[in-house]
$ cat final39.txt   # compact mmCIF, C-alpha atoms and all ligand atoms
# COMPACT_ATOMS: atom_id res chain seq x y z
CA MET A 1 24.45 -31.90 -50.77
CA ASN A 2 24.19 -32.25 -47.00
CA GLN A 3 21.84 -30.35 -44.69
CA GLU A 4 24.53 -28.24 -43.05
CA LYS A 5 26.00 -27.13 -46.36
CA THR A 6 22.71 -25.95 -47.84
CA THR A 7 21.05 -24.42 -44.79
CA ASN A 8 23.89 -22.92 -42.77
CA HIS A 9 26.94 -22.49 -44.95
CA TYR A 10 26.91 -19.50 -47.29
CA ASP A 11 29.37 -19.83 -50.18
CA ASN A 12 30.26 -16.28 -51.18
CA GLN A 13 31.36 -17.55 -54.60
CA ASN A 14 27.83 -18.63 -55.55
CA ILE A 15 26.46 -17.30 -58.84
CA PHE A 16 24.06 -14.77 -57.30
CA ALA A 17 26.78 -13.38 -55.01
CA LYS A 18 28.84 -12.81 -58.16
CA ILE A 19 25.88 -11.08 -59.83
CA ILE A 20 25.50 -8.74 -56.82
CA GLN A 21 29.23 -7.97 -56.96
CA GLY A 22 28.98 -7.25 -60.69
CA GLU A 23 31.40 -10.07 -61.52
CA ILE A 24 28.73 -11.79 -63.67
CA PRO A 25 26.20 -9.82 -65.76
CA CYS A 26 22.44 -10.02 -65.38
CA HIS A 27 19.41 -8.53 -67.10
CA LYS A 28 18.48 -6.15 -64.29
CA VAL A 29 14.88 -5.14 -63.65
CA TYR A 30 15.27 -3.24 -60.36
CA GLU A 31 17.84 -2.54 -57.67
CA ASP A 32 17.92 -0.77 -54.32
CA ASP A 33 20.25 -0.85 -51.32
CA LYS A 34 18.94 -4.21 -50.02
CA THR A 35 17.66 -6.08 -53.10
CA LEU A 36 18.22 -6.86 -56.76
CA ALA A 37 15.67 -8.16 -59.29
CA PHE A 38 16.73 -9.67 -62.63
CA MET A 39 15.57 -12.05 -65.35
CA ASP A 40 15.96 -15.79 -64.75
CA ILE A 41 18.35 -17.11 -67.38
CA MET A 42 16.31 -20.35 -67.88
CA PRO A 43 12.78 -18.93 -67.63
CA MET A 44 9.84 -21.17 -66.78
CA ALA A 45 7.69 -18.63 -68.66
CA THR A 46 8.14 -15.30 -70.42
CA GLY A 47 8.89 -12.67 -67.78
CA HIS A 48 10.34 -14.99 -65.10
CA VAL A 49 12.08 -12.67 -62.61
CA LEU A 50 14.23 -13.48 -59.56
CA VAL A 51 14.38 -11.20 -56.51
CA ILE A 52 17.40 -11.58 -54.24
CA PRO A 53 18.60 -9.86 -51.05
CA LYS A 54 22.02 -8.23 -50.84
CA CYS A 55 22.92 -10.24 -47.77
CA GLU A 56 24.52 -13.61 -47.16
CA ALA A 57 21.56 -15.96 -46.67
CA VAL A 58 21.16 -19.43 -48.14
CA GLU A 59 17.41 -19.88 -47.61
CA LEU A 60 14.36 -18.75 -45.64
CA SER A 61 15.52 -20.03 -42.25
CA THR A 62 18.66 -17.88 -42.40
CA MET A 63 17.13 -14.69 -43.83
CA PRO A 64 17.34 -11.57 -41.61
CA ASN A 65 13.83 -10.15 -41.17
CA GLU A 66 14.76 -6.71 -42.50
CA TYR A 67 15.90 -8.32 -45.76
CA LEU A 68 12.75 -10.45 -45.97
CA THR A 69 10.73 -7.25 -45.77
CA ALA A 70 12.89 -5.65 -48.45
CA VAL A 71 12.67 -8.68 -50.77
CA PHE A 72 8.89 -8.78 -50.54
CA ALA A 73 8.59 -5.02 -51.09
CA THR A 74 10.63 -5.49 -54.27
CA ALA A 75 8.63 -8.59 -55.26
CA LYS A 76 5.45 -6.51 -54.93
CA LYS A 77 6.87 -3.79 -57.20
CA VAL A 78 7.96 -6.38 -59.77
CA THR A 79 4.57 -8.14 -59.65
CA ASN A 80 2.79 -4.89 -60.41
CA ALA A 81 5.26 -4.09 -63.18
CA LEU A 82 4.90 -7.56 -64.74
CA ARG A 83 1.13 -7.15 -64.89
CA THR A 84 1.37 -3.81 -66.65
CA ALA A 85 4.33 -4.58 -68.88
CA LEU A 86 3.24 -8.03 -70.04
CA ASN A 87 -0.54 -7.75 -69.70
CA VAL A 88 -0.73 -10.87 -67.49
CA GLN A 89 -2.69 -11.38 -64.28
CA GLY A 90 -1.41 -14.75 -63.02
CA ILE A 91 1.94 -14.61 -61.22
CA VAL A 92 3.35 -17.66 -59.41
CA GLN A 93 5.55 -16.76 -56.44
CA MET A 94 7.95 -19.63 -55.68
CA GLN A 95 10.85 -20.05 -53.31
CA LEU A 96 12.73 -23.32 -52.74
CA ASN A 97 14.50 -24.17 -49.48
CA HIS A 98 17.22 -26.84 -49.55
CA ALA A 99 18.42 -29.14 -52.33
CA ASP A 100 15.72 -31.59 -51.24
CA ALA A 101 13.15 -29.04 -52.44
CA GLY A 102 15.02 -28.48 -55.71
CA GLN A 103 17.03 -25.41 -54.68
CA SER A 104 20.06 -25.16 -56.95
CA VAL A 105 21.50 -21.72 -56.16
CA PHE A 106 22.24 -21.36 -52.46
CA HIS A 107 21.57 -17.64 -52.12
CA TYR A 108 17.98 -16.91 -51.06
CA HIS A 109 15.75 -15.91 -54.01
CA VAL A 110 12.07 -15.50 -54.80
CA HIS A 111 10.83 -16.52 -58.25
CA LEU A 112 8.04 -14.46 -59.87
CA ILE A 113 6.64 -16.34 -62.85
CA PRO A 114 3.82 -15.08 -65.06
CA THR A 115 1.34 -17.85 -65.88
CA HIS A 116 -2.25 -18.78 -66.46
CA ILE A 117 -4.18 -21.99 -65.92
CA LYS A 118 -4.84 -23.91 -69.13
CA ASN A 119 -6.47 -27.32 -69.26
CA LEU A 120 -6.24 -27.53 -65.45
CA GLY A 121 -2.46 -27.05 -65.47
CA HIS A 122 -0.06 -24.11 -65.40
CA THR A 123 1.57 -23.17 -68.68
CA LEU A 124 5.09 -23.34 -67.29
CA SER A 125 8.30 -24.93 -68.56
CA ASN A 126 10.01 -27.32 -66.17
CA HIS A 127 12.25 -25.73 -63.56
CA GLU A 128 15.64 -24.82 -65.11
CA ALA A 129 14.55 -26.21 -68.50
CA GLY A 130 13.76 -22.90 -70.18
CA THR A 131 15.99 -21.75 -73.01
CA THR A 132 18.24 -18.71 -72.73
CA ASP A 133 17.67 -15.95 -75.29
CA HIS A 134 19.75 -12.98 -74.09
CA GLU A 135 18.26 -10.55 -76.59
CA LYS A 136 14.72 -11.38 -75.48
CA LEU A 137 15.71 -11.27 -71.78
CA ALA A 138 17.31 -7.84 -72.26
CA GLN A 139 14.15 -6.53 -73.96
CA LEU A 140 11.91 -7.96 -71.23
CA ALA A 141 14.07 -6.51 -68.44
CA HIS A 142 13.87 -3.09 -70.06
CA GLN A 143 10.11 -3.38 -70.61
CA ILE A 144 9.43 -4.51 -67.02
CA ALA A 145 11.84 -1.94 -65.50
CA LYS A 146 9.94 0.89 -67.20
CA HIS A 147 6.83 -0.03 -65.18
CA ILE A 148 8.43 -0.26 -61.72
CA ASP A 149 6.98 2.32 -59.32
CA ASN A 150 9.72 3.55 -57.02
P1 LIG A 201 16.38 -22.56 -57.51
O1 LIG A 201 16.28 -23.94 -58.06
O2 LIG A 201 17.64 -22.43 -56.69
O3 LIG A 201 15.15 -22.12 -56.80
O4 LIG A 201 16.48 -21.58 -58.75
C1 LIG A 201 17.65 -21.10 -59.28
C2 LIG A 201 17.26 -20.31 -60.51
O5 LIG A 201 18.38 -19.57 -60.94
C3 LIG A 201 16.83 -21.19 -61.69
O6 LIG A 201 15.51 -20.82 -62.08
C4 LIG A 201 17.87 -20.91 -62.76
O7 LIG A 201 17.29 -20.88 -64.04
C5 LIG A 201 18.43 -19.57 -62.33
N1 LIG A 201 19.82 -19.36 -62.68
C6 LIG A 201 20.85 -20.23 -62.55
N2 LIG A 201 22.00 -19.65 -62.94
C7 LIG A 201 21.70 -18.39 -63.32
C8 LIG A 201 22.48 -17.30 -63.82
O8 LIG A 201 23.69 -17.37 -64.00
N3 LIG A 201 21.81 -16.14 -64.10
C9 LIG A 201 20.46 -16.01 -63.92
N4 LIG A 201 19.92 -14.83 -64.22
N5 LIG A 201 19.70 -17.02 -63.46
C10 LIG A 201 20.31 -18.19 -63.15
$ encode --input "final39.txt" --output "C-alpha cells"
Amino acid sequence: MNQEKTTNHYDNQNIFAKIIQGEIPCHKVYEDDKTLAFMDIMPMATGHVLVIPKCEAVELSTMPNEYLTAVFATAKKVTNALRTALNVQGIVQMQLNHADAGQSVFHYHVHLIPTHIKNLGHTLSNHEAGTTDHEKLAQLAHQIAKHIDN
C-alpha cells in the first residue's frame, strides 16, 4: 500500500463507508449526525468499540476538525458507558495512521478497548485476531447503548 493511497485517497467502497450507508450491518452502540459507534467484529477484548466519523477521511491528517471534535465527544460518551455497562475502569484508546502503523481499514476510526494490566502486560488479544461471536456482540452493543448519556 503506497503513501498516497493510504493518506490521501479515500475509497468510498471501504467497509466502514458501507456500514455508514447501511449496506453492511453492524452492532450499533451510538449514532448522531456526525458519528457512529459500533462493536469491532474481531475484538481485542470484550467491549471493543470503534468510533467513526460520517465524513470521507482516511486518517488523522485528513480529518476535518469539526469531525475530530464530534468523534471525541462520542468516544467520551462510549468510554463512560463502557465503564458503567461492563464494570471496567481501564480503557485503551487507539488509532492507527497508515498501513505502516497497522491500519487496515482506510476510514478514520478510534478504537476503545476495555483492559486492565495483568503481570505487567495488557490483557488484550492481538489486533484483528479476536473471534467473532455475533450473538455476544449484539448483547454487548445493547448493554453499552443503554448506558450512553445523550
Ligand atoms: P485498524 O487496523 O484499521 O486500526 O482497525 C480496523 C478494525 O476494524 C479492526 O480492529 C477490525 O477487527 C475491524 N473490522 C474490520 N472489518 C470489520 C467489519 O466488517 N465490521 C466491524 N464491525 N469491524 C471490522
$ closest_atom_pairs --input "final39.txt" --of "chain A" --to "ligand LIG 201 (chain A)" --cutoff "10 Å" --atoms "only C-alpha atoms and all ligand atoms" --output "tab-separated table"
residue	atom	partner	partner_atom	distance
A:Asn14	CA	A:LIG201	N2	9.5
A:Ile15	CA	A:LIG201	O8	5.9
A:Phe16	CA	A:LIG201	C8	7.2
A:Lys18	CA	A:LIG201	O8	9.0
A:Ile19	CA	A:LIG201	N3	7.8
A:Ile24	CA	A:LIG201	O8	7.5
A:Pro25	CA	A:LIG201	N3	7.9
A:Cys26	CA	A:LIG201	N4	5.6
A:His27	CA	A:LIG201	N4	6.9
A:Lys28	CA	A:LIG201	N4	8.8
A:Ala37	CA	A:LIG201	N4	9.3
A:Phe38	CA	A:LIG201	N4	6.3
A:Met39	CA	A:LIG201	N4	5.3
A:Asp40	CA	A:LIG201	N4	4.1
A:Ile41	CA	A:LIG201	N5	4.1
A:Met42	CA	A:LIG201	O7	4.0
A:Pro43	CA	A:LIG201	O7	6.1
A:Met44	CA	A:LIG201	O6	7.4
A:His48	CA	A:LIG201	O6	8.4
A:Val49	CA	A:LIG201	N4	8.3
A:Leu50	CA	A:LIG201	N4	7.5
A:Val58	CA	A:LIG201	O2	9.7
A:Glu59	CA	A:LIG201	O2	9.4
A:Met94	CA	A:LIG201	O3	7.7
A:Gln95	CA	A:LIG201	O3	5.9
A:Leu96	CA	A:LIG201	O3	4.9
A:Asn97	CA	A:LIG201	O3	7.6
A:His98	CA	A:LIG201	O2	8.4
A:Ala99	CA	A:LIG201	O1	8.0
A:Ala101	CA	A:LIG201	O1	8.2
A:Gly102	CA	A:LIG201	O1	5.3
A:Gln103	CA	A:LIG201	O2	3.6
A:Ser104	CA	A:LIG201	O2	3.7
A:Val105	CA	A:LIG201	O2	4.0
A:Phe106	CA	A:LIG201	O2	6.3
A:His107	CA	A:LIG201	O2	7.7
A:Tyr108	CA	A:LIG201	O2	7.9
A:His109	CA	A:LIG201	O3	6.8
A:Val110	CA	A:LIG201	O3	7.6
A:His111	CA	A:LIG201	O3	7.2
A:Ile113	CA	A:LIG201	O6	10.0
A:Asn126	CA	A:LIG201	O6	9.4
A:His127	CA	A:LIG201	O6	6.1
A:Glu128	CA	A:LIG201	O7	4.4
A:Ala129	CA	A:LIG201	O7	7.5
A:Gly130	CA	A:LIG201	O7	7.4
A:Thr131	CA	A:LIG201	O7	9.1
A:Thr132	CA	A:LIG201	O7	9.0
A:Leu137	CA	A:LIG201	N4	9.4
$ atom_distance --input "final39.txt" --atom1 "atom CA of A:Val29" --atom2 "atom CA of A:Lys76"
12.9 Å
$ atom_distance --input "final39.txt" --atom1 "atom CA of A:Asp33" --atom2 "atom CA of A:Ile20"
11.0 Å
$ atom_distance --input "final39.txt" --atom1 "atom CA of A:Ala81" --atom2 "atom CA of A:Glu56"
26.8 Å
$ residues_near_point --input "final39.txt" --point "(6.7, -13.4, -71.9)" --cutoff "8 Å" --atoms "only C-alpha atoms" --output "PyMOL selection string"
chain A and resi 45-48+86+114+140
$ residues_around --input "final39.txt" --residues "A:Lys77" --least-positions-apart "6" --cutoff "8 Å" --atoms "all atoms listed in the file" --output "list in words"
Ile148, Asp149 and Asn150 of chain A
